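Raw run.pdb, PDB, C-alpha atoms:
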```pdb
ATOM      1  CA  MET A   1     -13.391  41.700 -24.821
ATOM      2  CA  LYS A   2     -13.922  38.649 -27.041
ATOM      3  CA  LYS A   3     -10.395  37.469 -26.262
ATOM      4  CA  LEU A   4     -11.071  37.785 -22.538
ATOM      5  CA  VAL A   5     -14.298  35.762 -22.753
ATOM      6  CA  PHE A   6     -12.621  33.164 -24.958
ATOM      7  CA  SER A   7      -9.660  32.896 -22.564
ATOM      8  CA  ALA A   8     -11.963  32.517 -19.565
ATOM      9  CA  ALA A   9     -14.010  29.829 -21.333
ATOM     10  CA  LEU A  10     -10.859  27.992 -22.363
ATOM     11  CA  ALA A  11      -9.499  28.126 -18.799
ATOM     12  CA  LEU A  12     -12.810  26.842 -17.417
ATOM     13  CA  PHE A  13     -12.871  23.977 -19.918
ATOM     14  CA  ALA A  14      -9.241  23.042 -19.214
ATOM     15  CA  THR A  15      -9.842  23.062 -15.455
ATOM     16  CA  SER A  16     -12.969  20.917 -15.778
ATOM     17  CA  PHE A  17     -11.148  18.468 -18.024
ATOM     18  CA  ALA A  18      -8.188  18.227 -15.630
ATOM     19  CA  MET A  19     -10.467  17.613 -12.637
ATOM     20  CA  ALA A  20     -12.346  14.891 -14.504
ATOM     21  CA  GLN A  21      -9.046  13.250 -15.414
ATOM     22  CA  GLN A  22      -7.920  13.291 -11.781
ATOM     23  CA  LEU A  23     -11.189  11.791 -10.541
ATOM     24  CA  GLY A  24     -11.030   8.981 -13.081
ATOM     25  CA  HIS A  25      -7.376   8.409 -12.276
ATOM     26  CA  THR A  26      -8.162   8.000  -8.565
ATOM     27  CA  GLN A  27     -10.875   5.442  -9.278
ATOM     28  CA  ASN A  28      -8.543   3.510 -11.580
ATOM     29  CA  ASP A  29      -5.796   3.583  -8.951
ATOM     30  CA  ALA A  30      -8.102   2.012  -6.365
ATOM     31  CA  ALA A  31      -9.133  -0.752  -8.765
ATOM     32  CA  GLN A  32      -5.522  -1.382  -9.773
ATOM     33  CA  PHE A  33      -4.476  -1.471  -6.124
ATOM     34  CA  GLU A  34      -7.094  -4.109  -5.317
ATOM     35  CA  GLN A  35      -6.096  -6.161  -8.353
ATOM     36  CA  LYS A  36      -2.406  -6.014  -7.452
ATOM     37  CA  ARG A  37      -3.161  -6.894  -3.836
ATOM     38  CA  ALA A  38      -5.083  -9.993  -4.957
ATOM     39  CA  GLU A  39      -2.240 -10.949  -7.311
ATOM     40  CA  ARG A  40       0.337 -10.573  -4.521
ATOM     41  CA  LEU A  41      -1.737 -12.770  -2.225
ATOM     42  CA  LYS A  42      -2.059 -15.410  -4.945
ATOM     43  CA  THR A  43       1.714 -15.277  -5.506
ATOM     44  CA  MET A  44       2.315 -15.617  -1.771
ATOM     45  CA  GLN A  45       0.021 -18.633  -1.705
ATOM     46  CA  SER A  46       1.938 -20.439  -4.422
ATOM     47  CA  ASP A  47       5.441 -19.310  -3.388
ATOM     48  CA  LEU A  48       4.995 -20.012   0.307
ATOM     49  CA  GLY A  49       2.717 -23.023  -0.060
ATOM     50  CA  LEU A  50      -0.045 -21.445   2.005
ATOM     51  CA  SER A  51      -3.177 -23.353   2.903
ATOM     52  CA  ASP A  52      -6.598 -21.899   2.111
ATOM     53  CA  ALA A  53      -7.025 -21.162   5.824
ATOM     54  CA  GLN A  54      -3.750 -19.212   5.875
ATOM     55  CA  VAL A  55      -4.777 -17.249   2.768
ATOM     56  CA  ALA A  56      -8.111 -16.379   4.376
ATOM     57  CA  LYS A  57      -6.409 -15.233   7.582
ATOM     58  CA  ILE A  58      -3.846 -13.151   5.686
ATOM     59  CA  LYS A  59      -6.574 -11.573   3.540
ATOM     60  CA  GLU A  60      -8.517 -10.726   6.703
ATOM     61  CA  LEU A  61      -5.353  -9.338   8.289
ATOM     62  CA  GLN A  62      -4.625  -7.203   5.213
ATOM     63  CA  GLU A  63      -8.175  -5.854   5.180
ATOM     64  CA  LYS A  64      -7.959  -5.054   8.890
ATOM     65  CA  ARG A  65      -4.641  -3.287   8.369
ATOM     66  CA  MET A  66      -6.000  -1.302   5.406
ATOM     67  CA  GLN A  67      -9.046  -0.160   7.412
ATOM     68  CA  GLU A  68      -6.798   0.864  10.321
ATOM     69  CA  ARG A  69      -4.591   2.860   7.953
ATOM     70  CA  LYS A  70      -7.584   4.606   6.367
ATOM     71  CA  ALA A  71      -8.945   5.520   9.790
ATOM     72  CA  MET A  72      -5.593   6.986  10.839
ATOM     73  CA  GLU A  73      -4.863   9.040   7.702
ATOM     74  CA  PRO A  74      -6.649  12.373   8.368
ATOM     75  CA  LYS A  75      -5.148  12.804  11.808
ATOM     76  CA  MET A  76      -1.689  11.706  10.782
ATOM     77  CA  GLN A  77      -1.365  14.022   7.805
ATOM     78  CA  ALA A  78      -0.855  16.870  10.265
ATOM     79  CA  GLU A  79       2.117  15.278  11.996
ATOM     80  CA  ARG A  80       4.382  13.283   9.680
ATOM     81  CA  LYS A  81       6.817  12.146  12.351
ATOM     82  CA  GLU A  82       4.026  10.756  14.509
ATOM     83  CA  LYS A  83       2.595   9.030  11.441
ATOM     84  CA  MET A  84       5.871   7.302  10.642
ATOM     85  CA  GLU A  85       6.206   6.029  14.217
ATOM     86  CA  GLN A  86       2.648   4.683  14.223
ATOM     87  CA  MET A  87       3.089   3.022  10.839
ATOM     88  CA  LYS A  88       6.276   1.373  12.060
ATOM     89  CA  ALA A  89       4.413  -0.014  15.070
ATOM     90  CA  LYS A  90       1.597  -1.280  12.827
ATOM     91  CA  ARG A  91       4.127  -2.851  10.456
ATOM     92  CA  GLU A  92       5.809  -4.616  13.377
ATOM     93  CA  GLN A  93       2.409  -5.759  14.664
ATOM     94  CA  HIS A  94       1.529  -7.015  11.167
ATOM     95  CA  GLU A  95       4.802  -8.927  11.015
ATOM     96  CA  ALA A  96       4.201 -10.475  14.431
ATOM     97  CA  GLU A  97       0.745 -11.608  13.330
ATOM     98  CA  MET A  98       2.135 -12.951  10.036
ATOM     99  CA  LYS A  99       4.743 -14.852  12.040
ATOM    100  CA  GLN A 100       1.927 -16.526  13.987
ATOM    101  CA  ILE A 101       0.163 -17.552  10.761
ATOM    102  CA  LEU A 102       3.174 -18.736   8.729
ATOM    103  CA  THR A 103       5.577 -21.548   9.466
ATOM    104  CA  PRO A 104       9.157 -20.428  10.283
ATOM    105  CA  GLU A 105      10.290 -21.356   6.759
ATOM    106  CA  GLN A 106       7.367 -19.516   5.147
ATOM    107  CA  PHE A 107       7.979 -16.458   7.315
ATOM    108  CA  GLN A 108      11.655 -16.335   6.380
ATOM    109  CA  LYS A 109      10.835 -16.660   2.687
ATOM    110  CA  TRP A 110       8.133 -13.983   3.000
ATOM    111  CA  GLN A 111      10.643 -11.608   4.610
ATOM    112  CA  SER A 112      13.158 -12.236   1.827
ATOM    113  CA  GLN A 113      10.529 -11.511  -0.810
ATOM    114  CA  ARG A 114       9.508  -8.282   0.932
ATOM    115  CA  LYS A 115      13.121  -7.147   1.176
ATOM    116  CA  GLU A 116      13.692  -7.848  -2.535
ATOM    117  CA  MET A 117      10.508  -5.998  -3.456
ATOM    118  CA  MET A 118      11.557  -2.959  -1.415
ATOM    119  CA  LEU A 119      14.974  -2.910  -3.050
ATOM    120  CA  LYS A 120      13.449  -3.235  -6.551
ATOM    121  CA  ARG A 121      11.203  -0.247  -5.929
ATOM    122  CA  GLY A 122      14.253   1.946  -5.792
ATOM    123  CA  PRO A 123      15.597   4.585  -3.446
ATOM    124  CA  LYS A 124      12.252   5.759  -2.112
ATOM    125  CA  MET A 125      11.220   2.351  -0.753
ATOM    126  CA  GLY A 126      14.572   0.593  -0.765
ATOM    127  CA  ASP A 127      16.199   3.113   1.551
ATOM    128  CA  MET A 128      13.564   2.742   4.236
ATOM    129  CA  GLN A 129      15.093   1.576   7.457
ATOM    130  CA  LEU A 130      14.370  -2.072   8.024
ATOM    131  CA  ASN A 131      13.820  -3.281  11.560
ATOM    132  CA  LYS A 132      15.582  -6.285  13.087
ATOM    133  CA  THR A 133      12.926  -8.781  12.003
ATOM    134  CA  GLN A 134      13.014  -7.589   8.386
ATOM    135  CA  VAL A 135      16.757  -8.061   7.910
ATOM    136  CA  HIS A 136      18.430 -11.443   8.174
TER     137      HIS A 136
END
```

Mind turning the file's structure into structure tokens?
Amino acid sequence: MKKLVFSAALALFATSFAMAQQLGHTQNDAAQFEQKRAERLKTMQSDLGLSDAQVAKIKELQEKRMQERKAMEPKMQAERKEKMEQMKAKREQHEAEMKQILTPEQFQKWQSQRKEMMLKRGPKMGDMQLNKTQVH
């Protein structure tokens, strides 16, 4: 009987500890994501020679895109194929809007950087099909 109680207590403790770890991990991931997003925007600004107005517009565009993605997530988890098609359309829309903000030279350089980044991430991201505007 003592072994059973001890085992149950140990299992309860381990489960609680694991859940706390996961919760903390999720919060850290969100903070890291925001930090990396800010770093990428800063890198884009220096690499592409963006003006402050362009940076502000891109930041606004990124925020808009992130909010749209968050709003779509619950529905799209049920149908993966539909999700992929919608994300592709949003990505193409994002690119079209970026093309309006950036000069042709900046846009081309931005595309090259994105392609390199996707290839560096490995098979999961690198093997994604690129659309016509992403490949040059």

Distance query segment 40-54 of chain A at most 9 Å, all atoms listed in the file, self and fewer than 3 positions along chain excluded, as a PyMOL selection string: chain A and resi 35-37+57-59+101-102+105-107+109-110

Pull C-alpha atoms from the residues just selected and write them as a compact mmCIF listing (two decimals), keeping the file's coordinate frame.
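Result file follows (out-v7.txt):
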```txt
# COMPACT_ATOMS: atom_id res chain seq x y z
CA GLN A 35 -6.10 -6.16 -8.35
CA LYS A 36 -2.41 -6.01 -7.45
CA ARG A 37 -3.16 -6.89 -3.84
CA LYS A 57 -6.41 -15.23 7.58
CA ILE A 58 -3.85 -13.15 5.69
CA LYS A 59 -6.57 -11.57 3.54
CA ILE A 101 0.16 -17.55 10.76
CA LEU A 102 3.17 -18.74 8.73
CA GLU A 105 10.29 -21.36 6.76
CA GLN A 106 7.37 -19.52 5.15
CA PHE A 107 7.98 -16.46 7.32
CA LYS A 109 10.84 -16.66 2.69
CA TRP A 110 8.13 -13.98 3.00
```

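Going from atom CA of Ala89 of chain A over to atom CA of Lys120 of chain A, you cover 23.7 Å.
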
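When atom CA of Met84 of chain A is paired with atom CA of Glu68 of chain A, their separation reads 14.2 Å.
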
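The residue that comes closest to Lys99 of chain A, out of A:Gln111, A:Ala71, A:Met76, A:Arg121 and on the basis of all atoms listed in the file, is A:Gln111.
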
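Considering all atoms listed in the file, the residue among A:Met72, A:Ala56, A:Ala30, A:Leu61 positioned nearest to His94 of chain A is A:Leu61.
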
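Between atom CA of Glu97 of chain A and atom CA of Glu39 of chain A the separation is 20.9 Å.
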
Since the input lacks atoms, please generate N, CA and C atoms for segment 63-92 of chain A and provide them as a PDB file, in the frame of the given file.
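New file part-v6.pdb:
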```pdb
ATOM      1  N   GLU A  63      -6.995  -6.723   5.181  1.00  0.00           N
ATOM      2  CA  GLU A  63      -8.175  -5.854   5.180  1.00  0.00           C
ATOM      3  C   GLU A  63      -8.238  -5.045   6.473  1.00  0.00           C
ATOM      4  N   LYS A  64      -7.971  -5.722   7.584  1.00  0.00           N
ATOM      5  CA  LYS A  64      -7.959  -5.054   8.890  1.00  0.00           C
ATOM      6  C   LYS A  64      -6.905  -3.947   8.903  1.00  0.00           C
ATOM      7  N   ARG A  65      -5.730  -4.266   8.396  1.00  0.00           N
ATOM      8  CA  ARG A  65      -4.641  -3.287   8.369  1.00  0.00           C
ATOM      9  C   ARG A  65      -5.003  -2.105   7.477  1.00  0.00           C
ATOM     10  N   MET A  66      -5.625  -2.377   6.312  1.00  0.00           N
ATOM     11  CA  MET A  66      -6.000  -1.302   5.406  1.00  0.00           C
ATOM     12  C   MET A  66      -7.046  -0.386   6.053  1.00  0.00           C
ATOM     13  N   GLN A  67      -8.021  -0.961   6.736  1.00  0.00           N
ATOM     14  CA  GLN A  67      -9.046  -0.160   7.412  1.00  0.00           C
ATOM     15  C   GLN A  67      -8.426   0.687   8.525  1.00  0.00           C
ATOM     16  N   GLU A  68      -7.481   0.111   9.264  1.00  0.00           N
ATOM     17  CA  GLU A  68      -6.798   0.864  10.321  1.00  0.00           C
ATOM     18  C   GLU A  68      -6.029   2.037   9.728  1.00  0.00           C
ATOM     19  N   ARG A  69      -5.361   1.793   8.599  1.00  0.00           N
ATOM     20  CA  ARG A  69      -4.591   2.860   7.953  1.00  0.00           C
ATOM     21  C   ARG A  69      -5.510   3.971   7.460  1.00  0.00           C
ATOM     22  N   LYS A  70      -6.640   3.602   6.856  1.00  0.00           N
ATOM     23  CA  LYS A  70      -7.584   4.606   6.367  1.00  0.00           C
ATOM     24  C   LYS A  70      -8.129   5.446   7.515  1.00  0.00           C
ATOM     25  N   ALA A  71      -8.411   4.807   8.636  1.00  0.00           N
ATOM     26  CA  ALA A  71      -8.945   5.520   9.790  1.00  0.00           C
ATOM     27  C   ALA A  71      -7.917   6.488  10.378  1.00  0.00           C
ATOM     28  N   MET A  72      -6.645   6.153  10.262  1.00  0.00           N
ATOM     29  CA  MET A  72      -5.593   6.986  10.839  1.00  0.00           C
ATOM     30  C   MET A  72      -5.179   8.156   9.942  1.00  0.00           C
ATOM     31  N   GLU A  73      -5.404   8.066   8.652  1.00  0.00           N
ATOM     32  CA  GLU A  73      -4.863   9.040   7.702  1.00  0.00           C
ATOM     33  C   GLU A  73      -5.150  10.508   7.997  1.00  0.00           C
ATOM     34  N   PRO A  74      -6.408  10.938   8.190  1.00  0.00           N
ATOM     35  CA  PRO A  74      -6.649  12.373   8.368  1.00  0.00           C
ATOM     36  C   PRO A  74      -5.864  12.977   9.529  1.00  0.00           C
ATOM     37  N   LYS A  75      -5.862  12.298  10.638  1.00  0.00           N
ATOM     38  CA  LYS A  75      -5.148  12.804  11.808  1.00  0.00           C
ATOM     39  C   LYS A  75      -3.644  12.854  11.559  1.00  0.00           C
ATOM     40  N   MET A  76      -3.133  11.829  10.914  1.00  0.00           N
ATOM     41  CA  MET A  76      -1.689  11.706  10.782  1.00  0.00           C
ATOM     42  C   MET A  76      -1.096  12.585   9.697  1.00  0.00           C
ATOM     43  N   GLN A  77      -1.903  13.125   8.823  1.00  0.00           N
ATOM     44  CA  GLN A  77      -1.365  14.022   7.805  1.00  0.00           C
ATOM     45  C   GLN A  77      -0.789  15.276   8.446  1.00  0.00           C
ATOM     46  N   ALA A  78      -1.319  15.661   9.587  1.00  0.00           N
ATOM     47  CA  ALA A  78      -0.855  16.870  10.265  1.00  0.00           C
ATOM     48  C   ALA A  78       0.532  16.689  10.879  1.00  0.00           C
ATOM     49  N   GLU A  79       0.835  15.505  11.325  1.00  0.00           N
ATOM     50  CA  GLU A  79       2.117  15.278  11.996  1.00  0.00           C
ATOM     51  C   GLU A  79       2.829  14.085  11.376  1.00  0.00           C
ATOM     52  N   ARG A  80       3.702  14.345  10.430  1.00  0.00           N
ATOM     53  CA  ARG A  80       4.382  13.283   9.680  1.00  0.00           C
ATOM     54  C   ARG A  80       5.229  12.381  10.580  1.00  0.00           C
ATOM     55  N   LYS A  81       5.951  12.959  11.497  1.00  0.00           N
ATOM     56  CA  LYS A  81       6.817  12.146  12.351  1.00  0.00           C
ATOM     57  C   LYS A  81       5.992  11.159  13.169  1.00  0.00           C
ATOM     58  N   GLU A  82       4.909  11.630  13.737  1.00  0.00           N
ATOM     59  CA  GLU A  82       4.026  10.756  14.509  1.00  0.00           C
ATOM     60  C   GLU A  82       3.466   9.651  13.614  1.00  0.00           C
ATOM     61  N   LYS A  83       3.130  10.006  12.392  1.00  0.00           N
ATOM     62  CA  LYS A  83       2.595   9.030  11.441  1.00  0.00           C
ATOM     63  C   LYS A  83       3.615   7.922  11.183  1.00  0.00           C
ATOM     64  N   MET A  84       4.846   8.300  10.946  1.00  0.00           N
ATOM     65  CA  MET A  84       5.871   7.302  10.642  1.00  0.00           C
ATOM     66  C   MET A  84       6.079   6.349  11.821  1.00  0.00           C
ATOM     67  N   GLU A  85       6.037   6.877  13.040  1.00  0.00           N
ATOM     68  CA  GLU A  85       6.206   6.029  14.217  1.00  0.00           C
ATOM     69  C   GLU A  85       5.038   5.055  14.364  1.00  0.00           C
ATOM     70  N   GLN A  86       3.819   5.553  14.121  1.00  0.00           N
ATOM     71  CA  GLN A  86       2.648   4.683  14.223  1.00  0.00           C
ATOM     72  C   GLN A  86       2.660   3.612  13.141  1.00  0.00           C
ATOM     73  N   MET A  87       3.045   3.992  11.929  1.00  0.00           N
ATOM     74  CA  MET A  87       3.089   3.022  10.839  1.00  0.00           C
ATOM     75  C   MET A  87       4.140   1.944  11.117  1.00  0.00           C
ATOM     76  N   LYS A  88       5.242   2.348  11.712  1.00  0.00           N
ATOM     77  CA  LYS A  88       6.276   1.373  12.060  1.00  0.00           C
ATOM     78  C   LYS A  88       5.729   0.367  13.076  1.00  0.00           C
ATOM     79  N   ALA A  89       5.004   0.871  14.063  1.00  0.00           N
ATOM     80  CA  ALA A  89       4.413  -0.014  15.070  1.00  0.00           C
ATOM     81  C   ALA A  89       3.397  -0.959  14.430  1.00  0.00           C
ATOM     82  N   LYS A  90       2.582  -0.435  13.512  1.00  0.00           N
ATOM     83  CA  LYS A  90       1.597  -1.280  12.827  1.00  0.00           C
ATOM     84  C   LYS A  90       2.287  -2.325  11.957  1.00  0.00           C
ATOM     85  N   ARG A  91       3.368  -1.919  11.299  1.00  0.00           N
ATOM     86  CA  ARG A  91       4.127  -2.851  10.456  1.00  0.00           C
ATOM     87  C   ARG A  91       4.714  -3.970  11.320  1.00  0.00           C
ATOM     88  N   GLU A  92       5.249  -3.611  12.478  1.00  0.00           N
ATOM     89  CA  GLU A  92       5.809  -4.616  13.377  1.00  0.00           C
ATOM     90  C   GLU A  92       4.711  -5.533  13.915  1.00  0.00           C
TER      91      GLU A  92
END
```
